[in-house]
Amino acid sequence: MRIYIDSANLEEIQQAADFGIIDGVTTNPSLIAKEGRDHHDQIRAICGILDGDISAEVVSTDTEGMVAEGRDLAKIHDSVVVKIPLIRDGIKAVGRLASEGIRTNVTLCFSPLQALLAAKAGAYLISPFIGRLDDLSQDGMDLVREIVKIYDNYGYSTQVLAASARGPLHVKEAALAGAHVCTLPYKVFDKVFDHPLTEIGLEKFLADYRRSMMVHA
Ligand code: E4P
């Protein structure tokens with residue numbers, strides 16, 4: 001499973017990239033707004049940090065506007081994947097952009113049938129939002145499982161990107177469900193490293209090593 005960082009913060013992205021295991025970045029207008037910079041400049045800066053898919057979202061809501069914005073975003077860097085909201089005009093824009101060789105990430109997906117439409121339109125990625133469904137007492141991971149199953153049934157090439165992850169359990173379940181990608185806020189990525197038994201085990205190994213060195217000194 002590929003791991004993306006869900007952030008527009010350059011320090012966080014650099015910190016994550018330094019591990020050498022991050023495959024891309026997802027942004028959205030809210031994440032970029034937090035950084036207080038021009039959206040295109042921020043996407044350009046992110047592309048300079050990490051070699052991988054960099055999702056950048058359009059803010060138009062009509063097909064022509066989304067296509068024009070998508071073309072502009074795609075010109076920033078070859079890594080850019082244009083994020084398009086799952087609305088009627090968005091589905092039309094996905095087909096248009098795909099015919100021009102521009103990759104899209106269809107975002108704000110909350111149902112398996114929406115995901116079917118995105119695949120039929122030729123999306124590169126579909127982003128089911130797990131955490132936001134969990135917040136409504138629905139099982140967000142069921143949506144990921146259903147999309148994976150439907151895409152497998154018909155051999156769609158659209159890849160499933162589990163988004164809106166809130167903790168390590170979401171990451172594990174996304175991997176078990178067969179999601180191609182999971183995007184994580186930095187604080188969730190950081191938690192995935194930890195297990196108390198790793199720390200306890202390492203402390204004991206090092207203490208035993210120090211003791212044995214004293215015996216042989
Ligand atoms: C994905 O591309 C989105 O940016 C993101 O995962 C949204 O997550 P949130 O529900 O935590 O805002």
# chains A, B, ... in the order shown; residues from 1 in each chain; ligands from 1
>>> select_by_dssp(residues="stretch 14-210 of chain A", states="strand (DSSP E or B)", output="PyMOL selection string")
chain A and resi 24-26+53-57+80-85+104-109+125-129+159-163+181-184
>>> residues_around(residues="A:Ala8", least_positions_apart="2", cutoff="12 Å", atoms="only C-alpha atoms", output="number ranges by chain")
A: 4-6, 10-14, 24-47, 49, 54-57, 184-186
>>> select_by_dssp(residues="stretch 80-162 of chain A", states="helix (DSSP H, G or I)", output="ChimeraX atom specification")
/A:88-99,112-121,130-134,140-154
>>> residues_near_ligand(ligand="ligand 1", cutoff="7 Å", atoms="only C-alpha atoms and all ligand atoms", output="PyMOL selection string")
chain A and resi 6+26-28+107+127+129+131-132+163-166+183
>>> atom_distance(atom1="atom CA of A:Ala93", atom2="atom CA of A:Asn105")
11.4 Å
>>> residues_around(residues="stretch 187-201 of chain A", least_positions_apart="4", cutoff="7 Å", atoms="only C-alpha atoms", output="number ranges by chain")
A: 166-168, 205
>>> atom_distance(atom1="atom CA of A:Arg96", atom2="atom CA of A:Leu50")
27.4 Å
>>> residues_around(residues="A:Ala123", least_positions_apart="4", cutoff="6 Å", atoms="only C-alpha atoms", output="ChimeraX atom specification")
/A:104,118-119,158
>>> residues_around(residues="A:Gly122", least_positions_apart="6", cutoff="12 Å", atoms="only C-alpha atoms", output="PyMOL selection string")
chain A and resi 90-106+115-116+156-159
>>> atom_distance(atom1="atom CA of A:Asp23", atom2="atom CA of A:Ile84")
20.1 Å
>>> closest_residue(among="A:Val80, A:Ala207, A:Leu117, A:Leu136", to="A:Ile150", atoms="only C-alpha atoms")
A:Leu117
>>> decode(residues="stretch 165-200 of chain A", atoms="N, CA, C and O atoms", output="PDB file, in the first residue's frame")
ATOM      1  N   ALA A 165      -8.191   9.774   7.289  1.00  0.00           N
ATOM      2  CA  ALA A 165      -7.781   8.791   8.310  1.00  0.00           C
ATOM      3  C   ALA A 165      -7.535   9.518   9.625  1.00  0.00           C
ATOM      4  O   ALA A 165      -6.931  10.576   9.650  1.00  0.00           O
ATOM      5  N   ARG A 166      -8.024   8.915  10.701  1.00  0.00           N
ATOM      6  CA  ARG A 166      -7.934   9.595  12.004  1.00  0.00           C
ATOM      7  C   ARG A 166      -6.963   8.920  12.960  1.00  0.00           C
ATOM      8  O   ARG A 166      -6.660   9.465  14.012  1.00  0.00           O
ATOM      9  N   GLY A 167      -6.526   7.684  12.644  1.00  0.00           N
ATOM     10  CA  GLY A 167      -5.618   6.990  13.554  1.00  0.00           C
ATOM     11  C   GLY A 167      -5.025   5.762  12.893  1.00  0.00           C
ATOM     12  O   GLY A 167      -5.451   5.376  11.790  1.00  0.00           O
ATOM     13  N   PRO A 168      -4.043   5.121  13.561  1.00  0.00           N
ATOM     14  CA  PRO A 168      -3.372   3.956  12.987  1.00  0.00           C
ATOM     15  C   PRO A 168      -4.321   2.805  12.627  1.00  0.00           C
ATOM     16  O   PRO A 168      -4.062   2.062  11.687  1.00  0.00           O
ATOM     17  N   LEU A 169      -5.416   2.660  13.379  1.00  0.00           N
ATOM     18  CA  LEU A 169      -6.354   1.568  13.068  1.00  0.00           C
ATOM     19  C   LEU A 169      -6.936   1.736  11.664  1.00  0.00           C
ATOM     20  O   LEU A 169      -7.112   0.758  10.920  1.00  0.00           O
ATOM     21  N   HIS A 170      -7.202   2.971  11.277  1.00  0.00           N
ATOM     22  CA  HIS A 170      -7.685   3.222   9.911  1.00  0.00           C
ATOM     23  C   HIS A 170      -6.652   2.768   8.882  1.00  0.00           C
ATOM     24  O   HIS A 170      -7.003   2.237   7.831  1.00  0.00           O
ATOM     25  N   VAL A 171      -5.374   2.986   9.196  1.00  0.00           N
ATOM     26  CA  VAL A 171      -4.312   2.635   8.249  1.00  0.00           C
ATOM     27  C   VAL A 171      -4.264   1.108   8.083  1.00  0.00           C
ATOM     28  O   VAL A 171      -4.210   0.577   6.970  1.00  0.00           O
ATOM     29  N   LYS A 172      -4.327   0.408   9.220  1.00  0.00           N
ATOM     30  CA  LYS A 172      -4.297  -1.067   9.171  1.00  0.00           C
ATOM     31  C   LYS A 172      -5.510  -1.594   8.401  1.00  0.00           C
ATOM     32  O   LYS A 172      -5.384  -2.454   7.520  1.00  0.00           O
ATOM     33  N   GLU A 173      -6.672  -1.061   8.721  1.00  0.00           N
ATOM     34  CA  GLU A 173      -7.890  -1.567   8.071  1.00  0.00           C
ATOM     35  C   GLU A 173      -7.909  -1.241   6.572  1.00  0.00           C
ATOM     36  O   GLU A 173      -8.402  -2.022   5.766  1.00  0.00           O
ATOM     37  N   ALA A 174      -7.357  -0.096   6.214  1.00  0.00           N
ATOM     38  CA  ALA A 174      -7.288   0.256   4.785  1.00  0.00           C
ATOM     39  C   ALA A 174      -6.390  -0.740   4.055  1.00  0.00           C
ATOM     40  O   ALA A 174      -6.706  -1.196   2.948  1.00  0.00           O
ATOM     41  N   ALA A 175      -5.278  -1.100   4.685  1.00  0.00           N
ATOM     42  CA  ALA A 175      -4.352  -2.058   4.063  1.00  0.00           C
ATOM     43  C   ALA A 175      -5.026  -3.425   3.940  1.00  0.00           C
ATOM     44  O   ALA A 175      -4.918  -4.103   2.909  1.00  0.00           O
ATOM     45  N   LEU A 176      -5.742  -3.845   5.003  1.00  0.00           N
ATOM     46  CA  LEU A 176      -6.427  -5.146   4.958  1.00  0.00           C
ATOM     47  C   LEU A 176      -7.543  -5.148   3.911  1.00  0.00           C
ATOM     48  O   LEU A 176      -7.828  -6.183   3.294  1.00  0.00           O
ATOM     49  N   ALA A 177      -8.165  -3.991   3.720  1.00  0.00           N
ATOM     50  CA  ALA A 177      -9.271  -3.899   2.750  1.00  0.00           C
ATOM     51  C   ALA A 177      -8.761  -3.875   1.308  1.00  0.00           C
ATOM     52  O   ALA A 177      -9.544  -3.973   0.376  1.00  0.00           O
ATOM     53  N   GLY A 178      -7.452  -3.691   1.146  1.00  0.00           N
ATOM     54  CA  GLY A 178      -6.903  -3.667  -0.211  1.00  0.00           C
ATOM     55  C   GLY A 178      -6.867  -2.293  -0.848  1.00  0.00           C
ATOM     56  O   GLY A 178      -6.765  -2.181  -2.075  1.00  0.00           O
ATOM     57  N   ALA A 179      -6.961  -1.233  -0.030  1.00  0.00           N
ATOM     58  CA  ALA A 179      -6.818   0.124  -0.587  1.00  0.00           C
ATOM     59  C   ALA A 179      -5.416   0.231  -1.203  1.00  0.00           C
ATOM     60  O   ALA A 179      -4.456  -0.298  -0.646  1.00  0.00           O
ATOM     61  N   HIS A 180      -5.331   0.910  -2.337  1.00  0.00           N
ATOM     62  CA  HIS A 180      -4.013   1.061  -2.982  1.00  0.00           C
ATOM     63  C   HIS A 180      -3.157   2.075  -2.237  1.00  0.00           C
ATOM     64  O   HIS A 180      -1.937   2.007  -2.264  1.00  0.00           O
ATOM     65  N   VAL A 181      -3.840   3.057  -1.633  1.00  0.00           N
ATOM     66  CA  VAL A 181      -3.161   4.171  -0.979  1.00  0.00           C
ATOM     67  C   VAL A 181      -3.912   4.524   0.296  1.00  0.00           C
ATOM     68  O   VAL A 181      -5.139   4.390   0.353  1.00  0.00           O
ATOM     69  N   CYS A 182      -3.177   4.990   1.314  1.00  0.00           N
ATOM     70  CA  CYS A 182      -3.834   5.614   2.466  1.00  0.00           C
ATOM     71  C   CYS A 182      -3.120   6.942   2.691  1.00  0.00           C
ATOM     72  O   CYS A 182      -1.882   6.982   2.678  1.00  0.00           O
ATOM     73  N   THR A 183      -3.887   8.009   2.849  1.00  0.00           N
ATOM     74  CA  THR A 183      -3.258   9.302   3.108  1.00  0.00           C
ATOM     75  C   THR A 183      -3.427   9.661   4.574  1.00  0.00           C
ATOM     76  O   THR A 183      -4.514   9.521   5.138  1.00  0.00           O
ATOM     77  N   LEU A 184      -2.320  10.091   5.198  1.00  0.00           N
ATOM     78  CA  LEU A 184      -2.322  10.290   6.644  1.00  0.00           C
ATOM     79  C   LEU A 184      -1.871  11.689   7.024  1.00  0.00           C
ATOM     80  O   LEU A 184      -0.840  12.153   6.527  1.00  0.00           O
ATOM     81  N   PRO A 185      -2.597  12.327   7.946  1.00  0.00           N
ATOM     82  CA  PRO A 185      -2.040  13.545   8.533  1.00  0.00           C
ATOM     83  C   PRO A 185      -0.718  13.164   9.220  1.00  0.00           C
ATOM     84  O   PRO A 185      -0.566  12.011   9.673  1.00  0.00           O
ATOM     85  N   TYR A 186       0.229  14.110   9.321  1.00  0.00           N
ATOM     86  CA  TYR A 186       1.539  13.762   9.876  1.00  0.00           C
ATOM     87  C   TYR A 186       1.401  13.123  11.260  1.00  0.00           C
ATOM     88  O   TYR A 186       2.115  12.162  11.586  1.00  0.00           O
ATOM     89  N   LYS A 187       0.479  13.651  12.085  1.00  0.00           N
ATOM     90  CA  LYS A 187       0.394  13.118  13.461  1.00  0.00           C
ATOM     91  C   LYS A 187      -0.058  11.649  13.470  1.00  0.00           C
ATOM     92  O   LYS A 187       0.321  10.893  14.353  1.00  0.00           O
ATOM     93  N   VAL A 188      -0.837  11.245  12.489  1.00  0.00           N
ATOM     94  CA  VAL A 188      -1.230   9.829  12.400  1.00  0.00           C
ATOM     95  C   VAL A 188      -0.047   9.001  11.900  1.00  0.00           C
ATOM     96  O   VAL A 188       0.265   7.934  12.454  1.00  0.00           O
ATOM     97  N   PHE A 189       0.647   9.503  10.871  1.00  0.00           N
ATOM     98  CA  PHE A 189       1.833   8.809  10.353  1.00  0.00           C
ATOM     99  C   PHE A 189       2.825   8.555  11.490  1.00  0.00           C
ATOM    100  O   PHE A 189       3.362   7.451  11.643  1.00  0.00           O
ATOM    101  N   ASP A 190       3.041   9.577  12.323  1.00  0.00           N
ATOM    102  CA  ASP A 190       4.005   9.479  13.426  1.00  0.00           C
ATOM    103  C   ASP A 190       3.619   8.373  14.411  1.00  0.00           C
ATOM    104  O   ASP A 190       4.481   7.654  14.917  1.00  0.00           O
ATOM    105  N   LYS A 191       2.310   8.221  14.637  1.00  0.00           N
ATOM    106  CA  LYS A 191       1.845   7.205  15.605  1.00  0.00           C
ATOM    107  C   LYS A 191       2.055   5.787  15.086  1.00  0.00           C
ATOM    108  O   LYS A 191       2.149   4.839  15.868  1.00  0.00           O
ATOM    109  N   VAL A 192       2.086   5.619  13.757  1.00  0.00           N
ATOM    110  CA  VAL A 192       2.184   4.277  13.181  1.00  0.00           C
ATOM    111  C   VAL A 192       3.509   3.605  13.568  1.00  0.00           C
ATOM    112  O   VAL A 192       3.607   2.383  13.650  1.00  0.00           O
ATOM    113  N   PHE A 193       4.526   4.420  13.878  1.00  0.00           N
ATOM    114  CA  PHE A 193       5.833   3.859  14.225  1.00  0.00           C
ATOM    115  C   PHE A 193       5.830   3.133  15.577  1.00  0.00           C
ATOM    116  O   PHE A 193       6.624   2.233  15.797  1.00  0.00           O
ATOM    117  N   ASP A 194       4.960   3.594  16.477  1.00  0.00           N
ATOM    118  CA  ASP A 194       5.145   3.240  17.884  1.00  0.00           C
ATOM    119  C   ASP A 194       4.475   1.952  18.318  1.00  0.00           C
ATOM    120  O   ASP A 194       3.360   1.635  17.898  1.00  0.00           O
ATOM    121  N   HIS A 195       5.195   1.206  19.183  1.00  0.00           N
ATOM    122  CA  HIS A 195       4.587   0.129  19.958  1.00  0.00           C
ATOM    123  C   HIS A 195       5.341   0.071  21.281  1.00  0.00           C
ATOM    124  O   HIS A 195       6.583   0.051  21.278  1.00  0.00           O
ATOM    125  N   PRO A 196       4.625   0.042  22.416  1.00  0.00           N
ATOM    126  CA  PRO A 196       5.338   0.070  23.708  1.00  0.00           C
ATOM    127  C   PRO A 196       6.333  -1.080  23.856  1.00  0.00           C
ATOM    128  O   PRO A 196       7.397  -0.917  24.460  1.00  0.00           O
ATOM    129  N   LEU A 197       6.010  -2.262  23.284  1.00  0.00           N
ATOM    130  CA  LEU A 197       6.930  -3.404  23.434  1.00  0.00           C
ATOM    131  C   LEU A 197       8.233  -3.181  22.673  1.00  0.00           C
ATOM    132  O   LEU A 197       9.274  -3.735  23.040  1.00  0.00           O
ATOM    133  N   THR A 198       8.187  -2.372  21.623  1.00  0.00           N
ATOM    134  CA  THR A 198       9.428  -2.051  20.892  1.00  0.00           C
ATOM    135  C   THR A 198      10.341  -1.249  21.811  1.00  0.00           C
ATOM    136  O   THR A 198      11.539  -1.543  21.940  1.00  0.00           O
ATOM    137  N   GLU A 199       9.751  -0.232  22.465  1.00  0.00           N
ATOM    138  CA  GLU A 199      10.563   0.613  23.361  1.00  0.00           C
ATOM    139  C   GLU A 199      11.105  -0.186  24.535  1.00  0.00           C
ATOM    140  O   GLU A 199      12.291  -0.118  24.860  1.00  0.00           O
ATOM    141  N   ILE A 200      10.216  -0.985  25.168  1.00  0.00           N
ATOM    142  CA  ILE A 200      10.642  -1.779  26.336  1.00  0.00           C
ATOM    143  C   ILE A 200      11.731  -2.760  25.914  1.00  0.00           C
ATOM    144  O   ILE A 200      12.749  -2.937  26.587  1.00  0.00           O
TER     145      ILE A 200
END
